[in-house]
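The next block is target-v3.cif, given as mmCIF, C-alpha atoms and all ligand atoms.
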```cif
data_query
#
loop_
_atom_site.group_PDB
_atom_site.id
_atom_site.type_symbol
_atom_site.label_atom_id
_atom_site.label_comp_id
_atom_site.auth_asym_id
_atom_site.auth_seq_id
_atom_site.Cartn_x
_atom_site.Cartn_y
_atom_site.Cartn_z
ATOM 1 C CA MET Z 891 100.212 117.790 113.301
ATOM 2 C CA SER Z 892 99.669 115.691 110.186
ATOM 3 C CA TRP Z 893 97.919 117.173 107.234
ATOM 4 C CA LEU Z 894 95.047 114.790 107.882
ATOM 5 C CA ASP Z 895 94.606 115.996 111.480
ATOM 6 C CA PHE Z 896 94.912 119.550 110.285
ATOM 7 C CA LEU Z 897 92.199 119.007 107.716
ATOM 8 C CA LYS Z 898 89.874 117.402 110.240
ATOM 9 C CA ARG Z 899 90.360 120.191 112.744
ATOM 10 C CA HIS Z 900 89.942 122.832 110.086
ATOM 11 C CA GLU Z 901 86.746 121.166 108.960
ATOM 12 C CA GLN Z 902 85.234 121.140 112.443
ATOM 13 C CA HIS Z 903 86.275 124.700 113.073
ATOM 14 C CA ASP Z 904 84.694 125.735 109.805
ATOM 15 C CA GLU Z 905 81.337 124.298 110.836
ATOM 16 C CA GLU Z 906 81.381 126.219 114.089
ATOM 17 C CA ARG Z 907 81.827 129.617 112.531
ATOM 18 C CA PRO Z 908 78.815 131.929 112.850
ATOM 19 C CA THR Z 909 77.499 132.415 109.346
ATOM 20 C CA ARG Z 910 73.741 132.263 109.643
ATOM 21 C CA ASP Z 911 73.336 135.608 111.411
ATOM 22 C CA LEU Z 912 75.307 137.460 108.768
ATOM 23 C CA PRO Z 913 73.659 139.048 105.761
ATOM 24 C CA ILE Z 914 74.017 136.864 102.686
ATOM 25 C CA ILE Z 915 74.844 138.741 99.517
ATOM 26 C CA ARG Z 916 74.921 136.944 96.191
ATOM 27 C CA THR Z 917 77.646 138.386 94.045
ATOM 28 C CA GLY Z 918 77.382 135.915 91.217
ATOM 29 C CA GLY Z 919 80.941 134.646 91.342
ATOM 30 C CA VAL Z 920 84.222 134.442 93.143
ATOM 31 C CA GLN Z 921 86.013 136.993 90.994
ATOM 32 C CA SER Z 922 83.607 139.859 91.469
ATOM 33 C CA ALA Z 923 83.374 139.587 95.223
ATOM 34 C CA ALA Z 924 86.063 142.011 96.266
ATOM 35 C CA GLY Z 925 84.706 144.978 94.390
ATOM 36 C CA ALA Z 926 81.064 143.959 94.235
ATOM 37 C CA PRO Z 927 78.482 146.533 95.159
ATOM 38 C CA VAL Z 928 77.461 146.152 98.729
ATOM 39 C CA ILE Z 929 73.839 145.365 99.368
ATOM 40 C CA GLY Z 930 72.798 144.625 102.900
ATOM 41 C CA ARG Z 931 72.183 146.078 106.257
ATOM 42 C CA ARG Z 932 74.891 147.689 108.315
ATOM 43 C CA PRO Z 933 75.761 146.077 111.635
ATOM 44 C CA ALA Z 934 73.321 147.100 114.333
ATOM 45 C CA THR Z 935 76.049 148.371 116.584
ATOM 46 C CA ASP Z 936 77.981 151.602 116.123
ATOM 47 C CA ASP Z 937 80.700 150.434 118.494
ATOM 48 C CA PRO Z 938 83.884 150.822 116.364
ATOM 49 C CA GLU Z 939 85.688 148.052 118.261
ATOM 50 C CA ALA Z 940 82.884 145.576 117.688
ATOM 51 C CA GLN Z 941 82.819 146.560 114.019
ATOM 52 C CA ALA Z 942 86.568 146.055 113.727
ATOM 53 C CA ARG Z 943 86.295 142.641 115.349
ATOM 54 C CA ARG Z 944 83.519 141.673 113.019
ATOM 55 C CA LYS Z 945 85.467 142.865 109.996
ATOM 56 C CA ALA Z 946 88.563 140.965 111.135
ATOM 57 C CA ARG Z 947 86.479 137.830 111.604
ATOM 58 C CA LEU Z 948 84.960 138.130 108.139
ATOM 59 C CA GLU Z 949 88.346 138.728 106.547
ATOM 60 C CA GLN Z 950 89.749 135.714 108.344
ATOM 61 C CA ARG Z 951 86.905 133.636 106.994
ATOM 62 C CA VAL Z 952 87.750 134.778 103.466
ATOM 63 C CA LEU Z 953 91.375 133.768 104.000
ATOM 64 C CA ASP Z 954 90.351 130.409 105.415
ATOM 65 C CA LEU Z 955 88.034 129.713 102.508
ATOM 66 C CA ARG Z 956 90.677 130.711 99.970
ATOM 67 C CA TYR Z 957 93.053 128.301 101.641
ATOM 68 C CA ASP Z 958 90.456 125.512 101.544
ATOM 69 C CA ILE Z 959 89.760 126.218 97.880
ATOM 70 C CA GLN Z 960 93.451 126.152 97.072
ATOM 71 C CA ARG Z 961 93.646 122.702 98.632
ATOM 72 C CA ALA Z 962 90.547 121.493 96.823
ATOM 73 C CA VAL Z 963 91.938 122.756 93.502
ATOM 74 C CA SER Z 964 95.271 121.059 94.156
ATOM 75 C CA ALA Z 965 93.354 117.820 94.810
ATOM 76 C CA LEU Z 966 91.890 118.093 91.301
ATOM 77 C CA GLU Z 967 95.297 118.297 89.662
ATOM 78 C CA GLU Z 968 97.329 115.106 89.300
ATOM 79 C CA PRO Z 969 99.782 114.203 90.560
ATOM 80 C CA ASN Z 970 99.160 115.909 93.870
ATOM 81 C CA ARG Z 971 100.378 115.219 97.409
ATOM 82 C CA TRP Z 972 97.548 112.734 97.977
ATOM 83 C CA THR Z 973 98.007 110.767 94.752
ATOM 84 C CA GLU Z 974 101.754 110.737 95.434
ATOM 85 C CA ARG Z 975 101.071 109.319 98.890
ATOM 86 C CA VAL Z 976 98.770 106.668 97.388
ATOM 87 C CA ALA Z 977 101.567 105.673 94.988
ATOM 88 C CA GLU Z 978 103.995 105.364 97.941
ATOM 89 C CA LEU Z 979 101.465 103.258 99.836
ATOM 90 C CA ASP Z 980 100.910 101.009 96.798
ATOM 91 C CA ALA Z 981 104.642 100.401 96.506
ATOM 92 C CA ALA Z 982 104.934 99.652 100.235
ATOM 93 C CA ILE Z 983 102.007 97.200 100.075
ATOM 94 C CA VAL Z 984 103.547 95.367 97.101
ATOM 95 C CA GLN Z 985 106.892 95.145 98.935
ATOM 96 C CA ALA Z 986 105.300 93.853 102.160
ATOM 97 C CA ASP Z 987 103.260 91.245 100.241
ATOM 98 C CA ARG Z 988 106.435 90.137 98.476
ATOM 99 C CA ASP Z 989 108.282 89.837 101.821
ATOM 100 C CA ILE Z 990 105.447 87.723 103.223
ATOM 101 C CA GLU Z 991 105.608 85.409 100.206
ATOM 102 C CA THR Z 992 109.399 85.112 100.535
ATOM 103 C CA ILE Z 993 109.155 84.119 104.200
ATOM 104 C CA ARG Z 994 106.322 81.654 103.549
ATOM 105 C CA ALA Z 995 108.018 80.062 100.558
ATOM 106 C CA ALA Z 996 111.386 79.633 102.314
ATOM 107 C CA GLN Z 997 112.548 76.047 102.076
ATOM 108 C CA PRO Z 998 114.592 74.428 104.850
ATOM 109 C CA ASP Z 999 118.180 75.320 104.015
ATOM 110 C CA THR Z 1000 119.492 72.597 106.307
ATOM 111 C CA PRO Z 1001 117.977 69.168 106.835
ATOM 112 C CA GLY Z 1002 116.773 68.446 110.356
ATOM 113 C CA ILE Z 1003 119.164 66.461 112.543
ATOM 114 C CA PRO Z 1004 117.562 63.897 114.869
ATOM 115 C CA LEU Z 1005 119.087 63.254 118.292
ATOM 116 C CA PRO Z 1006 119.528 59.792 119.852
ATOM 117 C CA ALA Z 1007 116.673 58.424 121.930
ATOM 118 C CA TRP Z 1008 118.654 58.414 125.171
ATOM 119 C CA PRO Z 1009 116.177 58.123 128.033
ATOM 120 C CA VAL Z 1010 115.725 61.070 130.385
ATOM 121 C CA HIS Z 1011 116.303 59.469 133.770
ATOM 122 C CA ILE Z 1012 114.859 61.458 136.681
ATOM 123 C CA ALA Z 1013 117.307 60.837 139.508
ATOM 124 C CA SER Z 1014 115.441 63.057 141.967
ATOM 125 C CA LEU Z 1015 112.581 65.541 141.928
ATOM 126 C CA ARG Z 1016 111.291 67.883 144.596
ATOM 127 C CA ALA Z 1017 108.342 70.069 143.633
ATOM 128 C CA ALA Z 1018 108.116 71.959 146.953
ATOM 129 C CA GLU Z 1019 109.885 75.284 147.199
ATOM 130 C CA PRO Z 1020 112.746 75.497 146.493
ATOM 131 C CA ALA Z 1021 112.088 72.957 143.753
ATOM 132 C CA GLU Z 1022 114.953 70.807 142.576
ATOM 133 C CA ALA Z 1023 115.430 68.226 139.832
ATOM 134 C CA GLN Z 1024 118.353 65.950 138.976
ATOM 135 C CA LEU Z 1025 118.415 64.336 135.570
ATOM 136 C CA ARG Z 1026 120.669 61.862 133.877
ATOM 137 C CA ILE Z 1027 120.684 61.750 130.089
ATOM 138 C CA GLY Z 1028 123.436 59.670 128.524
ATOM 139 C CA GLU Z 1029 126.679 60.892 130.064
ATOM 140 C CA ALA Z 1030 125.225 64.143 131.330
ATOM 141 C CA GLN Z 1031 124.218 64.608 134.973
ATOM 142 C CA LEU Z 1032 122.208 67.787 135.320
ATOM 143 C CA ARG Z 1033 120.878 69.555 138.384
ATOM 144 C CA TYR Z 1034 118.223 72.277 138.342
ATOM 145 C CA VAL Z 1035 117.243 74.382 141.346
ATOM 146 C CA GLU Z 1036 114.402 76.858 141.681
ATOM 147 C CA ASP Z 1037 115.624 80.429 141.693
ATOM 148 C CA ILE Z 1038 113.639 82.142 144.439
ATOM 149 C CA ASP Z 1039 113.542 85.900 144.723
ATOM 150 C CA TRP Z 1040 113.549 86.073 148.536
ATOM 151 C CA ALA Z 1041 112.632 89.759 148.522
ATOM 152 C CA GLU Z 1042 109.445 88.877 146.669
ATOM 153 C CA ARG Z 1043 108.757 85.737 148.632
ATOM 154 C CA GLY Z 1044 105.196 85.637 149.958
ATOM 155 C CA HIS Z 1045 104.014 88.013 147.212
ATOM 156 C CA GLN Z 1046 105.287 85.866 144.410
ATOM 157 C CA LYS Z 1047 102.407 84.508 142.315
ATOM 158 C CA THR Z 1048 104.352 82.241 139.986
ATOM 159 C CA PRO Z 1049 107.021 79.701 140.940
ATOM 160 C CA GLY Z 1050 110.641 80.761 140.556
ATOM 161 C CA GLU Z 1051 112.579 79.871 137.436
ATOM 162 C CA MET Z 1052 114.435 76.538 137.408
ATOM 163 C CA ARG Z 1053 118.122 77.200 136.796
ATOM 164 C CA ARG Z 1054 120.812 74.708 135.931
ATOM 165 C CA THR Z 1055 123.432 74.628 138.659
ATOM 166 C CA GLU Z 1056 125.357 71.514 137.631
ATOM 167 C CA GLY Z 1057 126.040 69.508 134.517
ATOM 168 C CA ASP Z 1058 127.156 70.085 130.959
ATOM 169 C CA PRO Z 1059 124.475 69.910 128.225
ATOM 170 C CA ASP Z 1060 127.267 69.727 125.637
ATOM 171 C CA LEU Z 1061 127.545 66.042 126.559
ATOM 172 C CA LEU Z 1062 124.120 65.622 124.928
ATOM 173 C CA MET Z 1063 125.397 66.837 121.593
ATOM 174 C CA PRO Z 1064 126.015 63.964 119.147
ATOM 175 C CA ASP Z 1065 129.418 64.013 117.469
ATOM 176 C CA ASP Z 1066 127.891 64.135 114.008
ATOM 177 C CA VAL Z 1067 126.280 67.551 114.537
ATOM 178 C CA PRO Z 1068 128.262 69.893 112.265
ATOM 179 C CA ALA Z 1069 130.222 72.710 113.925
ATOM 180 C CA ALA Z 1070 128.083 75.340 112.195
ATOM 181 C CA ARG Z 1071 124.960 74.127 113.949
ATOM 182 C CA ARG Z 1072 126.290 73.357 117.426
ATOM 183 C CA ASP Z 1073 125.532 76.824 118.867
ATOM 184 C CA GLU Z 1074 121.979 76.647 117.596
ATOM 185 C CA LEU Z 1075 121.504 73.162 119.073
ATOM 186 C CA ARG Z 1076 123.166 74.167 122.351
ATOM 187 C CA GLU Z 1077 120.726 77.062 122.716
ATOM 188 C CA HIS Z 1078 117.786 74.860 121.781
ATOM 189 C CA LEU Z 1079 118.780 72.179 124.319
ATOM 190 C CA GLY Z 1080 119.207 74.827 127.026
ATOM 191 C CA HIS Z 1081 115.626 76.014 126.512
ATOM 192 C CA GLY Z 1082 114.382 72.470 125.953
ATOM 193 C CA LEU Z 1083 115.794 71.199 129.251
ATOM 194 C CA ALA Z 1084 114.347 74.186 131.123
ATOM 195 C CA THR Z 1085 110.923 73.451 129.600
ATOM 196 C CA LEU Z 1086 111.252 69.799 130.592
ATOM 197 C CA VAL Z 1087 112.185 70.613 134.178
ATOM 198 C CA ASP Z 1088 109.291 73.117 134.462
ATOM 199 C CA ASP Z 1089 106.955 70.448 133.166
ATOM 200 C CA LEU Z 1090 108.261 67.896 135.663
ATOM 201 C CA ARG Z 1091 107.718 70.307 138.537
ATOM 202 C CA GLU Z 1092 104.138 71.124 137.399
ATOM 203 C CA ARG Z 1093 103.293 67.440 137.039
ATOM 204 C CA ALA Z 1094 104.719 66.672 140.481
ATOM 205 C CA LEU Z 1095 102.754 69.550 142.044
ATOM 206 C CA ASP Z 1096 99.526 68.374 140.362
ATOM 207 C CA GLY Z 1097 100.221 64.744 141.237
ATOM 208 C CA ARG Z 1098 100.225 63.740 137.576
ATOM 209 C CA PRO Z 1099 102.395 60.861 136.342
ATOM 210 C CA LEU Z 1100 105.821 61.671 134.903
ATOM 211 C CA PRO Z 1101 106.214 60.693 131.255
ATOM 212 C CA GLU Z 1102 109.177 58.804 129.888
ATOM 213 C CA TRP Z 1103 110.994 61.196 127.668
ATOM 214 C CA THR Z 1104 114.096 60.754 125.607
ATOM 215 C CA LEU Z 1105 116.650 63.213 124.292
ATOM 216 C CA ALA Z 1106 115.035 62.843 120.863
ATOM 217 C CA ASP Z 1107 111.805 64.370 122.278
ATOM 218 C CA LEU Z 1108 113.724 67.425 123.453
ATOM 219 C CA ALA Z 1109 114.939 68.294 119.982
ATOM 220 C CA SER Z 1110 112.997 66.711 117.135
ATOM 221 C CA PRO Z 1111 113.825 67.868 113.591
ATOM 222 C CA CYS Z 1112 111.401 70.456 112.226
ATOM 223 C CA PRO Z 1113 110.294 69.478 108.696
ATOM 224 C CA GLU Z 1114 109.310 73.095 107.967
ATOM 225 C CA CYS Z 1115 112.625 74.822 108.541
ATOM 226 C CA GLY Z 1116 115.243 72.205 109.381
ATOM 227 C CA GLY Z 1117 115.556 73.485 112.946
ATOM 228 C CA TRP Z 1118 114.488 71.665 116.095
ATOM 229 C CA ARG Z 1119 111.146 71.440 117.833
ATOM 230 C CA ASP Z 1120 110.842 71.404 121.590
ATOM 231 C CA LEU Z 1121 109.052 69.011 123.905
ATOM 232 C CA ARG Z 1122 105.703 70.619 123.069
ATOM 233 C CA GLY Z 1123 106.281 70.453 119.319
ATOM 234 C CA ARG Z 1124 107.090 74.165 119.036
ATOM 235 C CA CYS Z 1125 109.848 75.294 116.697
ATOM 236 C CA PRO Z 1126 111.469 78.601 117.732
ATOM 237 C CA SER Z 1127 112.595 79.553 114.234
ATOM 238 C CA CYS Z 1128 109.149 78.772 112.764
ATOM 239 C CA GLN Z 1129 107.623 80.848 115.567
ATOM 240 C CA ARG Z 1130 109.930 83.734 114.676
ATOM 241 C CA ARG Z 1131 108.910 83.463 111.030
ATOM 242 C CA LYS Z 1132 105.255 83.397 112.043
ATOM 243 C CA TRP Z 1133 105.708 86.597 114.052
ATOM 244 C CA GLN Z 1134 107.515 88.228 111.143
ATOM 245 C CA VAL Z 1135 104.628 87.371 108.828
ATOM 246 C CA GLU Z 1136 102.076 88.642 111.358
ATOM 247 C CA ALA Z 1137 103.951 91.918 111.761
ATOM 248 C CA LEU Z 1138 104.076 92.350 107.970
ATOM 249 C CA GLU Z 1139 100.366 91.525 107.672
ATOM 250 C CA ASP Z 1140 99.649 94.193 110.296
ATOM 251 C CA ASP Z 1141 101.685 96.636 108.216
ATOM 252 C CA VAL Z 1142 99.714 95.770 105.079
ATOM 253 C CA ARG Z 1143 96.391 96.284 106.896
ATOM 254 C CA ARG Z 1144 97.560 99.664 108.194
ATOM 255 C CA LEU Z 1145 98.838 100.727 104.754
ATOM 256 C CA ARG Z 1146 95.595 99.658 103.057
ATOM 257 C CA LYS Z 1147 93.579 101.628 105.601
ATOM 258 C CA GLU Z 1148 95.674 104.732 105.012
ATOM 259 C CA ARG Z 1149 95.256 104.246 101.258
ATOM 260 C CA ILE Z 1150 91.450 104.176 101.564
ATOM 261 C CA ASP Z 1151 91.493 107.203 103.898
ATOM 262 C CA THR Z 1152 93.691 109.139 101.483
ATOM 263 C CA LEU Z 1153 91.472 108.387 98.482
ATOM 264 C CA GLU Z 1154 88.423 109.436 100.487
ATOM 265 C CA GLU Z 1155 90.184 112.622 101.466
ATOM 266 C CA ILE Z 1156 90.866 113.501 97.826
ATOM 267 C CA GLN Z 1157 87.250 112.851 96.913
ATOM 268 C CA THR Z 1158 85.931 114.927 99.816
ATOM 269 C CA LEU Z 1159 88.171 117.847 98.874
ATOM 270 C CA ARG Z 1160 87.076 117.662 95.237
ATOM 271 C CA ASP Z 1161 83.393 117.349 96.090
ATOM 272 C CA ARG Z 1162 83.510 120.377 98.364
ATOM 273 C CA LEU Z 1163 84.981 122.756 95.799
ATOM 274 C CA PRO Z 1164 81.674 124.161 94.428
ATOM 275 C CA LEU Z 1165 80.349 124.644 97.954
ATOM 276 C CA LEU Z 1166 83.556 126.373 99.060
ATOM 277 C CA GLN Z 1167 83.443 128.663 96.049
ATOM 278 C CA ARG Z 1168 79.881 129.702 96.874
ATOM 279 C CA ARG Z 1169 80.865 130.275 100.492
ATOM 280 C CA LEU Z 1170 83.847 132.349 99.456
ATOM 281 C CA ALA Z 1171 81.706 134.564 97.254
ATOM 282 C CA ASP Z 1172 79.376 135.156 100.194
ATOM 283 C CA ALA Z 1173 82.230 135.716 102.616
ATOM 284 C CA GLU Z 1174 83.950 138.195 100.325
ATOM 285 C CA ALA Z 1175 80.755 140.152 99.917
ATOM 286 C CA ASN Z 1176 80.213 140.153 103.669
ATOM 287 C CA ALA Z 1177 83.749 141.296 104.319
ATOM 288 C CA ALA Z 1178 83.388 144.103 101.765
ATOM 289 C CA ALA Z 1179 80.097 145.151 103.340
ATOM 290 C CA ALA Z 1180 81.684 145.248 106.770
ATOM 291 C CA GLY Z 1181 84.454 147.573 105.545
HETATM 292 ZN ZN ZN G 1201 110.748 75.067 112.183
#
```

Using structure tokens, write down the structure from this file.
Ligand SMILES: [Zn+2]
Amino acid sequence: MSWLDFLKRHEQHDEERPTRDLPIIRTGGVQSAAGAPVIGRRPATDDPEAQARRKARLEQRVLDLRYDIQRAVSALEEPNRWTERVAELDAAIVQADRDIETIRAAQPDTPGIPLPAWPVHIASLRAAEPAEAQLRIGEAQLRYVEDIDWAERGHQKTPGEMRRTEGDPDLLMPDDVPAARRDELREHLGHGLATLVDDLRERALDGRPLPEWTLADLASPCPECGGWRDLRGRCPSCQRRKWQVEALEDDVRRLRKERIDTLEEIQTLRDRLPLLQRRLADAEANAAAAG
């Protein structure tokens, strides 16, 4: 259990304790409570067990209050565990903000490379299950077939994935793409072609016209990062950066919330000290009276 949970539970428990039916004895201060003269009525019962239980309960209350006071006093001294936590949170917030700035300010380290505008020729297209598409782009002849999970057939809500069964997308790679970027472009083209084939199938199913795409549409240079955008203008590496920033922003929100909670906790502990001291004086007197 975290200290915060512990505090909350302790607080609730404290409120539930029966105090109003006990005799209240003013002793004038915390220090004098233990040996203070006892003024008050004796418990109504003579049952020794009930008296022992009552005494134990009163003594426990004294211990609990002393513990609470110790915490409240430690909250008054600085640094304490709460101010130390606030300092940690401050440092974490500064670091996260700095990381966000670094990601946002990142300049494209490589210029975008455009691909030739070779037309995407649709040699054949069948939208009905199992869907199939044959494309010709430059030298590359590619065939995609719907991957049907036959076990799920009939229950399947979404169409099966279109998988490439023939053809070599490497033939789409211009010679001037540097070796260091070929893997990245290969991966991008793989996803880009799959997106294109999905789109073709959806258009055919809906009876919409098929657009005239070119290879350049499949991988257009991204001015933000130097990577490539897909058919729908989405750049995977920009998307990744966006997610990173969002995750960091979530962290900052969470850290700021914890910071506010911690500061409130310190203030609550400090504010309660006089009340706790009065309660302790009463509790000590009650416990002494019960003995
Ligand atoms: Zn980008």

Surrounding residues of range 1065-1069 of chain Z excluding itself and chain neighbours under 3 positions, 12 Å, all atoms listed in the file, as a PyMOL selection string: chain Z and resi 1000-1006+1060-1062+1072-1076

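Around ligand ZN 1201 (chain G), using all atoms listed in the file and a cut-off of 8 Å, the residues in contact are Pro1111, Cys1112, Pro1113, Glu1114, Cys1115, Gly1116, Gly1117, Trp1118, Arg1119, Arg1124, Cys1125, Pro1126, Ser1127, Cys1128 and Gln1129 of chain Z.
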
Selection result of the PyMOL selection byres (((chain Z and resi 1079-1088) around 9) and not hetatm) on this file, as a list in words: Glu1022, Ala1023, Leu1025, Tyr1034, Glu1051, Met1052, Arg1053, Arg1054, Pro1059, Asp1060, Leu1062, Met1063, Glu1074, Leu1075, Arg1076, Glu1077, His1078, Asp1089, Leu1090, Arg1091, Glu1092, Arg1093, Leu1108, Ala1109, Arg1119, Asp1120, Leu1121 and Arg1122 of chain Z

Keeping only C-alpha atoms, write the selected residues as a PDB file, keeping the file's coordinate frame.
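Just written: again-v4.pdb:
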```pdb
ATOM      1  CA  GLU Z1022     114.953  70.807 142.576  1.00  0.00           C
ATOM      2  CA  ALA Z1023     115.430  68.226 139.832  1.00  0.00           C
ATOM      3  CA  LEU Z1025     118.415  64.336 135.570  1.00  0.00           C
ATOM      4  CA  TYR Z1034     118.223  72.277 138.342  1.00  0.00           C
ATOM      5  CA  GLU Z1051     112.579  79.871 137.436  1.00  0.00           C
ATOM      6  CA  MET Z1052     114.435  76.538 137.408  1.00  0.00           C
ATOM      7  CA  ARG Z1053     118.122  77.200 136.796  1.00  0.00           C
ATOM      8  CA  ARG Z1054     120.812  74.708 135.931  1.00  0.00           C
ATOM      9  CA  PRO Z1059     124.475  69.910 128.225  1.00  0.00           C
ATOM     10  CA  ASP Z1060     127.267  69.727 125.637  1.00  0.00           C
ATOM     11  CA  LEU Z1062     124.120  65.622 124.928  1.00  0.00           C
ATOM     12  CA  MET Z1063     125.397  66.837 121.593  1.00  0.00           C
ATOM     13  CA  GLU Z1074     121.979  76.647 117.596  1.00  0.00           C
ATOM     14  CA  LEU Z1075     121.504  73.162 119.073  1.00  0.00           C
ATOM     15  CA  ARG Z1076     123.166  74.167 122.351  1.00  0.00           C
ATOM     16  CA  GLU Z1077     120.726  77.062 122.716  1.00  0.00           C
ATOM     17  CA  HIS Z1078     117.786  74.860 121.781  1.00  0.00           C
ATOM     18  CA  ASP Z1089     106.955  70.448 133.166  1.00  0.00           C
ATOM     19  CA  LEU Z1090     108.261  67.896 135.663  1.00  0.00           C
ATOM     20  CA  ARG Z1091     107.718  70.307 138.537  1.00  0.00           C
ATOM     21  CA  GLU Z1092     104.138  71.124 137.399  1.00  0.00           C
ATOM     22  CA  ARG Z1093     103.293  67.440 137.039  1.00  0.00           C
ATOM     23  CA  LEU Z1108     113.724  67.425 123.453  1.00  0.00           C
ATOM     24  CA  ALA Z1109     114.939  68.294 119.982  1.00  0.00           C
ATOM     25  CA  ARG Z1119     111.146  71.440 117.833  1.00  0.00           C
ATOM     26  CA  ASP Z1120     110.842  71.404 121.590  1.00  0.00           C
ATOM     27  CA  LEU Z1121     109.052  69.011 123.905  1.00  0.00           C
ATOM     28  CA  ARG Z1122     105.703  70.619 123.069  1.00  0.00           C
TER      29      ARG Z1122
END
```

Any chance you could tabulate, as a tab-separated table, the residues of range 1088-1169 of chain Z at most 12 Å from range 945-960 of chain Z with each one's nearest atom pair and distance in Å to one decimal, using all atoms listed in the file, in chain and rising number order?
```
residue	atom	partner	partner_atom	distance
Z:Thr1158	CA	Z:Asp958	CA	11.6
Z:Leu1159	CA	Z:Asp958	CA	8.4
Z:Arg1160	CA	Z:Ile959	CA	9.3
Z:Asp1161	CA	Z:Ile959	CA	11.1
Z:Arg1162	CA	Z:Ile959	CA	8.6
Z:Leu1163	CA	Z:Ile959	CA	6.3
Z:Pro1164	CA	Z:Ile959	CA	9.0
Z:Leu1165	CA	Z:Ile959	CA	9.5
Z:Leu1166	CA	Z:Ile959	CA	6.3
Z:Gln1167	CA	Z:Ile959	CA	7.0
Z:Arg1168	CA	Z:Leu955	CA	9.9
Z:Arg1169	CA	Z:Leu955	CA	7.5
```

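Between CA of Pro998 in chain Z and CA of Leu1138 in chain Z the separation is 21.0 Å.
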
Arg1146 in chain Z surroundings by all atoms listed in the file, 12 Å radius, close-in-sequence under 2 positions cut, as a VMD selection string: chain Z and resid 975 to 984 986 to 987 1139 to 1144 1148 to 1153

Write the selection just made, keeping C-alpha atoms, as a compact mmCIF listing (two decimals), in the coordinates of the input?
```txt
# COMPACT_ATOMS: atom_id res chain seq x y z
CA ARG Z 975 101.07 109.32 98.89
CA VAL Z 976 98.77 106.67 97.39
CA ALA Z 977 101.57 105.67 94.99
CA GLU Z 978 104.00 105.36 97.94
CA LEU Z 979 101.46 103.26 99.84
CA ASP Z 980 100.91 101.01 96.80
CA ALA Z 981 104.64 100.40 96.51
CA ALA Z 982 104.93 99.65 100.24
CA ILE Z 983 102.01 97.20 100.08
CA VAL Z 984 103.55 95.37 97.10
CA ALA Z 986 105.30 93.85 102.16
CA ASP Z 987 103.26 91.24 100.24
CA GLU Z 1139 100.37 91.52 107.67
CA ASP Z 1140 99.65 94.19 110.30
CA ASP Z 1141 101.68 96.64 108.22
CA VAL Z 1142 99.71 95.77 105.08
CA ARG Z 1143 96.39 96.28 106.90
CA ARG Z 1144 97.56 99.66 108.19
CA GLU Z 1148 95.67 104.73 105.01
CA ARG Z 1149 95.26 104.25 101.26
CA ILE Z 1150 91.45 104.18 101.56
CA ASP Z 1151 91.49 107.20 103.90
CA THR Z 1152 93.69 109.14 101.48
CA LEU Z 1153 91.47 108.39 98.48
```

Nearby residues (all atoms listed in the file) at most 6 Å from Ala1021 in chain Z, same-chain spacing under 4 positions excluded, as a VMD selection string: chain Z and resid 1016 to 1017 1035 to 1036

Å distance separating CA of Pro1020 in chain Z from CA of Pro1099 in chain Z, one decimal place: 20.6 Å

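Put simply, CA of Arg1071 in chain Z is 20.8 Å away from CA of Thr1104 in chain Z.
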
Residues returned when the PyMOL selection byres (((chain Z and resi 1102) around 10) and not hetatm) runs on this file, as JSON, numbers by chain: {"Z": [1009, 1010, 1011, 1012, 1099, 1100, 1101, 1103, 1104, 1107]}

Output of the PyMOL selection byres (((chain Z and resi 1056) around 8) and not hetatm), listed as a short mmCIF file (atom, residue, chain, number, x, y, z; two decimals) with C-alpha atoms, in the coordinates of the input:
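The file below, part_3.cif, is the result:
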```cif
data_model
loop_
_atom_site.label_atom_id
_atom_site.label_comp_id
_atom_site.auth_asym_id
_atom_site.auth_seq_id
_atom_site.Cartn_x
_atom_site.Cartn_y
_atom_site.Cartn_z
CA GLN Z 1031 124.22 64.61 134.97
CA LEU Z 1032 122.21 67.79 135.32
CA ARG Z 1033 120.88 69.56 138.38
CA TYR Z 1034 118.22 72.28 138.34
CA ARG Z 1054 120.81 74.71 135.93
CA THR Z 1055 123.43 74.63 138.66
CA GLY Z 1057 126.04 69.51 134.52
CA ASP Z 1058 127.16 70.08 130.96
#
```

Put a box with edges along x, y and z around all the listed atoms of range 1123-1126 of chain Z, pad it by 8 Å on each side, then give me its centre and sizes in Å, one decimal, as AutoDock Vina command-line options.
```
--center_x 108.9 --center_y 74.5 --center_z 118.0 --size_x 21.2 --size_y 24.1 --size_z 18.6
```
